[in-house]
Structure formats: C-alpha cells, structure tokens
Amino acid sequence: MARGIRLVRRYPVVALTLAIGAVGIVLALAGQGWLVAWIFSVYALAVAAWQAVGMVRDILRGHWGLDILAVTAIVATVAVGEYVAALIVVLMLTGGEALEDYASRRAKRELDALLTRAPQRAHRVVDDHFVDVPVDEVEPGDVLLVRPSEIVPVDGELRSAEASVDESSITGESVPVEKHAGDVLLSGSVNGPAAIEITATARAADSQYQQIVALVAEAAASKAPVVRLADRYAVPFTVFSLLLAGFAWWISGDPVRFAEVLVLATPCPLLIAAPVAFIGGMSRAARNGVIVKGGGVLEQLARARTAVFDKTGTLTHGSPELVAVRPEAGFDADELLGLVASAEQYSSHVLAESMIDAARGRGIRLHEAATAREAATNGVVARIGGREVVVGKFAYVAEHAPQARRTEIAPGELAVYVAVDGAYAGALLARDQLRDDAAATLARLDELGVRHTMMLTGDAQATADHIAAELGIERVRAECLPADKVSEVAGIAERPVIMVGDGVNDAPVLAAADVGIAMGARGATAASESASAVILVDDISRTAKAVEIGRDTVRIALQSIWIGIAVSVALMLVATFGVIPATVGALLQEVVDLITILAALRAIGGRRDARAVEGAGSPAAAAGSARTDVARR
C-alpha cells in the first residue's frame, strides 16, 4: 500500500491517466460511451496543450525537439475520433517518462550505493567514554572508536595494535587488508571483527571517502548532453514521420490513416534510449573505480584520438627512491641530504617525501625552517639554521647560484639541485619505477582508437626521453611549467584529447583538455575537482577502461536509438496501408519503448565486466593486488 502511494506521488500524471482510463471503462460498461469520448478527448488535449507549451519554449530557444510528434499524434487521434488511441498515446508519453526514471534509477545503482554509504556519525573518545557526534564535527587529532563492521568515518591513523579492514569501496582491493599501529586508515573502509581506535588526521570534508562522495554527487546531478545525441535524429525523424503520415492520408483519402501512422511515430525511443544508456555507462564506470562527471565525458572518451600523460605518479609509481648524493666541495653527503630534507618538509612535490624518508632512514636529524616558500613545480626556498637553502630544478637553482652545473644522470633517473647561500652545493639523484601496466595501457588505448600519445613533464629531458622510449610514446615535452602543459594540449590537432595526471600542478591542464582524468587515489583534490573523470584506485589501466566504457556506452545508445527507429518505421510503413488500427498502434508503441529501454540498459555492462575479470586470470589479479599494496605502503 505504502509503495503504491509512493508511486502515485512520484508519477502523478501516469496515475491520473490510468484513473481516467478506469473511469472510462466503468462509464462504457454503464452505456455512457458518449461521455467517455468527451472525457478522454478533453484530457488528452489538455496534456497535449501542456506539452505544447514546453515545445514552444524550446523552439523559441532554438531547440527543435521531438515533442512535435507527440502533440501532433494526440491532436490527430482526437480529431478523427480515435479517443481511446489518444489516451494510450498520453499514457505512452507519460509512462515513457516513468519507465525512463525507473531505468535511470536501476542504472544509477552503483552511484547511489556510494552516496548512501557515506558515514554520518562518529564515536569520539572524551574523558575515557565515547560520545556520538556528527561526522562533520570531527577534528584532526580526535580519538575515535570504530566498532566491528562499522565504516571508518574520517581519514585517520590506527592507534590499536592491529586491524583488518575492507578497502574495496576505496581501492578496489577485494581482500581485507591487515593494518598495524601507525598505519593510515581511509574513510569509507569497513572495519573487521574487532573494535579499534583511530586518531583522526583530516576533517570529514577533506577525507578520502567524502571527496569520492562529492564527486559522485556531482556526476549524478550532472546533465549529460544526451539530448544532443537524440536531437541529431529528432528533426529528420519528425519530418519523415509527418511526410509518411501525410502520404498515407493522401493515398487513402482517409484522415484516420494519418493518425494511425503518427501514433507509431511517437518519439519515446529517441527520448529514452540515450539517457538510460549514458546513466548506465556512468554506473558501470563507477563500478570499475572511475567517477565520470556526466554523459558528455563518455561521448568525448568514445571519440578520443590523443592521450597525454604526466610522468611522475601517472606513468611511474610516483615514489622516487634516492640513489645518489653528489655534494660539491665544502659539503658532505649527509649534510647536503639533511639540508634538502629539512627544506623539503615545506614542499608538496612528490620528491619531497622521498628525500625526507631517505634522510630519516640514515638517521639524519631534520631542522625547522625560520621561513619557507615554494615555487610550484620549480622548487622550494627555506632558511635553515641561518642559511638560505634552495632545492629544485636546475634552472630554478641556477637563478640563485649562477655557477651551478648540470650533473650527469643515467636513463630513468632525475636530479634535484641544491644551492646554499647563493653557492651551488650539489645534486641528489632519484629513480622512479615505471608502472608495470603502463605499456599495456597504452597498447589498449591504441586498440580502442586512441592512436596518438604524448608525455608532458617537469622533469629533465633525458629522463623524459628514456620513459617515452620504453613506452613508445610519440611526443615528449620536458621541463614544463603548468602553463606550458596547457599550451601544448591546446595545440594538439588530433582531438578530442585525454589528459591524465595526478598532481596539483596538473589541475590547469586537466581542466583545459577535452577530457581530464585525475589519478585521485592519493587525494589530489585540486586535480580531481578540475578533471572530467577521476580514477579512484591507483591503477593507470583504468584510463583505457574509461575509454572502453565510453565507446561501449555511445555504441549501445546509438544501437538503442536505431532499434527504436527501425521498429517504429517498420510499423509505420505497415500502418500506411491501414493494417494497424490507431488503438493497436498506440499499444504496439509501448512495446517499442520497452525494447528500447532493455537495449539501452546493456550499457550497465555487468556481464561484460564479469567476463573480463574471468579472462584476466589469477596471475594478473595477483599482480594488480600487489601493485595496490605497494601503492598503499
């Protein structure tokens, strides 16, 4: 009963149409057929007028849609006395919207699941007891209790000795992960069988899962340009239908024939197919760890011809290891590393953490800076122990120490240069490992039609050329500033262009590309916000998966549209010769709607993804698991 009331509230026009139909049946059985004709006709014309208002508004905005057919069909059936057919056309029109809404809800199931799982409350430890507070009130440093099977409310650090958590909704890792005291716990993870305590390290709004939820909400609320896809066929289909109906009237001399053809030309296949397919594609992408911000992104992915990649953290793991320290005269290796690591404490660059870890690993004490400032993508300047320390790219350090000289680097290595009090102090070399699946990803993109590749990086030319040669990348631009990356992407002729990056410095070029894809597993908020799509797991192969989903979605949307058009045209041609009465034709159009929806729902792709997983085999799955584990560490 309650469900029925909800359905009536959700689809009031459908409910009203059915109610009027039921009243008509009762009146007809009571011998009041003349009254049925009036009720059905007046109601149908009222709905047609309501649709016509929206149609005129769209036309005044320069948008010629498909409402013309629906309105014409309703008026025509009423005009020739086919009032039952008129009511069925109204039911088809309003019921088609209800079917689309149902199909959209079915397609958005994975998106909605992420939204509904968002943590709402946390158990804060206050004076040796627990207080339930809204998750938005949790502050960094708060100690929280997470009970068995509860969702970790915010990003935190494990205080308990050990824990087993399910991170599948965050990383895609299906096996529970063992954690130990001091390890990072991501919000959205599900605690195992034992209660644990964590120390919050971020507010809810800044935590991993809440950022994912925000992206999902944006994707779910986005208005995909699916109407454009349908409108490519709207005017030709409308003109063809009206001409065919007019021809049927002309050869038969009977205006009823005009109505019989038009009821089979109503536009539901075009109105329904594309939205359902695109929402299904977005849902499939979410299930595969990629949040796509709108159907328009899937369209662009489907047509992409060029893929551009950042290097560090995208094609490589983004965790460079120190391999050599080359101090100049007057400095020793540990002193130089200590100064660099102390300065890098104030940098957001991916190399900073590597230098800090290397110094701590050698037992070198780090010092606080009196002042520090970072020049994005160039380096950092800090005053440490009364000395000015400059760390960064060669050109940046050379501005502070003109006698600086480049150091020799091996293929795959990168150099960090250092100046102290205006004098060149030496260089540190690091090596970043190429991702195991980077080459396979580029090969898969080529199979999918993305024939052109480019790498943009702030690293030295030699390092960039080595990585590009290993992967077979066509074009390379090294030592780039953010503005250089934007300029390079703008100049690419083979479009649409996909740009894949992970850092804050990639945010401008991600926004400038036709499709910006952010590697968001490490919480690069600025990059994620400016991107068109966000990969939630540390897996570059999801780039190719996103393109595959885009191509599948557009293909299925077009197939569904053409299936609907083909069936409608076939029935219209039959109706031209008076074989299908108007009422029967209106009922048959409902069958066309159902066929169209079922065809479009294939974009959800559950079976296709399941087959892909089975075909991957256990060794690949194990390798993927290992990569995820490395990324976590």
# chains A, B, ... in the order shown; residues from 1 in each chain; ligands from 1
>>> select_by_dssp(residues="stretch 246-326 of chain A", states="alpha helix (DSSP H)", output="ChimeraX atom specification")
/A:246-252,255-262,268-287,295-303
>>> closest_atom_pairs(of="stretch 428-490 of chain A", to="stretch 509-519 of chain A", cutoff="12 Å", atoms="only C-alpha atoms", output="CSV")
residue,atom,partner,partner_atom,distance
A:Leu456,CA,A:Val509,CA,10.1
A:Thr457,CA,A:Val509,CA,11.7
A:Cys480,CA,A:Val509,CA,11.4
A:Leu481,CA,A:Val509,CA,10.4
A:Pro482,CA,A:Val509,CA,7.0
A:Ala483,CA,A:Val509,CA,7.9
A:Asp484,CA,A:Val509,CA,9.0
A:Lys485,CA,A:Val509,CA,6.0
A:Val486,CA,A:Val509,CA,4.8
A:Ser487,CA,A:Val509,CA,8.5
A:Glu488,CA,A:Val509,CA,9.1
A:Val489,CA,A:Ala513,CA,6.5
A:Ala490,CA,A:Ala512,CA,7.4
>>> write_last_selection(atoms="C-alpha atoms", output="PDB file, in the first residue's frame")
ATOM      1  CA  LEU A 456      54.283  16.287 -20.526  1.00  0.00           C
ATOM      2  CA  THR A 457      56.560  16.508 -17.502  1.00  0.00           C
ATOM      3  CA  CYS A 480      57.230  22.011 -18.388  1.00  0.00           C
ATOM      4  CA  LEU A 481      55.560  24.561 -16.178  1.00  0.00           C
ATOM      5  CA  PRO A 482      51.760  24.268 -15.729  1.00  0.00           C
ATOM      6  CA  ALA A 483      51.231  26.974 -18.361  1.00  0.00           C
ATOM      7  CA  ASP A 484      53.447  25.069 -20.803  1.00  0.00           C
ATOM      8  CA  LYS A 485      51.288  21.962 -20.391  1.00  0.00           C
ATOM      9  CA  VAL A 486      48.122  23.938 -21.100  1.00  0.00           C
ATOM     10  CA  SER A 487      49.707  25.460 -24.204  1.00  0.00           C
ATOM     11  CA  GLU A 488      50.861  22.067 -25.503  1.00  0.00           C
ATOM     12  CA  VAL A 489      47.443  20.464 -25.070  1.00  0.00           C
ATOM     13  CA  ALA A 490      45.728  23.429 -26.739  1.00  0.00           C
TER      14      ALA A 490
END
>>> residues_around(residues="A:Ile384", least_positions_apart="6", cutoff="9 Å", atoms="only C-alpha atoms", output="NGL selection string")
:A and (339 or 342-343 or 367-372)
>>> write_last_selection(atoms="all heavy atoms", output="PDB file, in the first residue's frame")
ATOM      1  N   LEU A 339      70.029  19.081   4.741  1.00  0.00           N
ATOM      2  CA  LEU A 339      69.526  20.394   4.350  1.00  0.00           C
ATOM      3  C   LEU A 339      68.364  20.264   3.360  1.00  0.00           C
ATOM      4  O   LEU A 339      67.347  20.963   3.468  1.00  0.00           O
ATOM      5  CB  LEU A 339      70.656  21.217   3.730  1.00  0.00           C
ATOM      6  CG  LEU A 339      71.748  21.710   4.691  1.00  0.00           C
ATOM      7  CD1 LEU A 339      72.907  22.331   3.914  1.00  0.00           C
ATOM      8  CD2 LEU A 339      71.175  22.721   5.686  1.00  0.00           C
ATOM      9  N   SER A 342      65.259  18.862   5.149  1.00  0.00           N
ATOM     10  CA  SER A 342      64.678  19.879   6.021  1.00  0.00           C
ATOM     11  C   SER A 342      63.883  20.893   5.206  1.00  0.00           C
ATOM     12  O   SER A 342      62.787  21.316   5.597  1.00  0.00           O
ATOM     13  CB  SER A 342      65.780  20.590   6.808  1.00  0.00           C
ATOM     14  OG  SER A 342      66.451  19.685   7.665  1.00  0.00           O
ATOM     15  N   ALA A 343      64.421  21.300   4.057  1.00  0.00           N
ATOM     16  CA  ALA A 343      63.717  22.250   3.195  1.00  0.00           C
ATOM     17  C   ALA A 343      62.479  21.602   2.559  1.00  0.00           C
ATOM     18  O   ALA A 343      61.428  22.230   2.423  1.00  0.00           O
ATOM     19  CB  ALA A 343      64.652  22.768   2.107  1.00  0.00           C
ATOM     20  N   HIS A 367      65.679  19.789  10.530  1.00  0.00           N
ATOM     21  CA  HIS A 367      65.555  21.055  11.257  1.00  0.00           C
ATOM     22  C   HIS A 367      64.379  21.856  10.726  1.00  0.00           C
ATOM     23  O   HIS A 367      64.022  21.772   9.545  1.00  0.00           O
ATOM     24  CB  HIS A 367      66.836  21.880  11.119  1.00  0.00           C
ATOM     25  CG  HIS A 367      68.047  21.171  11.651  1.00  0.00           C
ATOM     26  ND1 HIS A 367      68.384  21.168  12.984  1.00  0.00           N
ATOM     27  CD2 HIS A 367      68.994  20.431  11.002  1.00  0.00           C
ATOM     28  CE1 HIS A 367      69.497  20.458  13.152  1.00  0.00           C
ATOM     29  NE2 HIS A 367      69.887  19.999  11.975  1.00  0.00           N
ATOM     30  N   GLU A 368      63.776  22.641  11.606  1.00  0.00           N
ATOM     31  CA  GLU A 368      62.692  23.524  11.180  1.00  0.00           C
ATOM     32  C   GLU A 368      63.270  24.750  10.486  1.00  0.00           C
ATOM     33  O   GLU A 368      64.387  25.189  10.785  1.00  0.00           O
ATOM     34  CB  GLU A 368      61.855  23.964  12.379  1.00  0.00           C
ATOM     35  CG  GLU A 368      61.042  22.846  13.011  1.00  0.00           C
ATOM     36  CD  GLU A 368      60.110  23.360  14.090  1.00  0.00           C
ATOM     37  OE1 GLU A 368      59.986  24.598  14.213  1.00  0.00           O
ATOM     38  OE2 GLU A 368      59.525  22.539  14.805  1.00  0.00           O
ATOM     39  N   ALA A 369      62.481  25.303   9.572  1.00  0.00           N
ATOM     40  CA  ALA A 369      62.922  26.491   8.844  1.00  0.00           C
ATOM     41  C   ALA A 369      62.358  27.751   9.494  1.00  0.00           C
ATOM     42  O   ALA A 369      61.224  27.749   9.994  1.00  0.00           O
ATOM     43  CB  ALA A 369      62.459  26.413   7.393  1.00  0.00           C
ATOM     44  N   ALA A 370      63.152  28.804   9.504  1.00  0.00           N
ATOM     45  CA  ALA A 370      62.664  30.082  10.012  1.00  0.00           C
ATOM     46  C   ALA A 370      61.631  30.656   9.041  1.00  0.00           C
ATOM     47  O   ALA A 370      60.596  31.194   9.453  1.00  0.00           O
ATOM     48  CB  ALA A 370      63.822  31.058  10.188  1.00  0.00           C
ATOM     49  N   THR A 371      61.906  30.519   7.738  1.00  0.00           N
ATOM     50  CA  THR A 371      60.954  30.910   6.701  1.00  0.00           C
ATOM     51  C   THR A 371      61.052  29.885   5.575  1.00  0.00           C
ATOM     52  O   THR A 371      62.095  29.247   5.389  1.00  0.00           O
ATOM     53  CB  THR A 371      61.264  32.309   6.121  1.00  0.00           C
ATOM     54  OG1 THR A 371      62.574  32.299   5.540  1.00  0.00           O
ATOM     55  CG2 THR A 371      61.191  33.378   7.195  1.00  0.00           C
ATOM     56  N   ALA A 372      59.987  29.725   4.841  1.00  0.00           N
ATOM     57  CA  ALA A 372      59.998  28.792   3.706  1.00  0.00           C
ATOM     58  C   ALA A 372      58.922  29.206   2.718  1.00  0.00           C
ATOM     59  O   ALA A 372      57.842  29.643   3.110  1.00  0.00           O
ATOM     60  CB  ALA A 372      59.764  27.360   4.170  1.00  0.00           C
TER      61      ALA A 372
END
>>> closest_residue(among="A:Ala478, A:Val574, A:Ala248, A:Ala122", to="A:Lys311", atoms="only C-alpha atoms")
A:Ala478
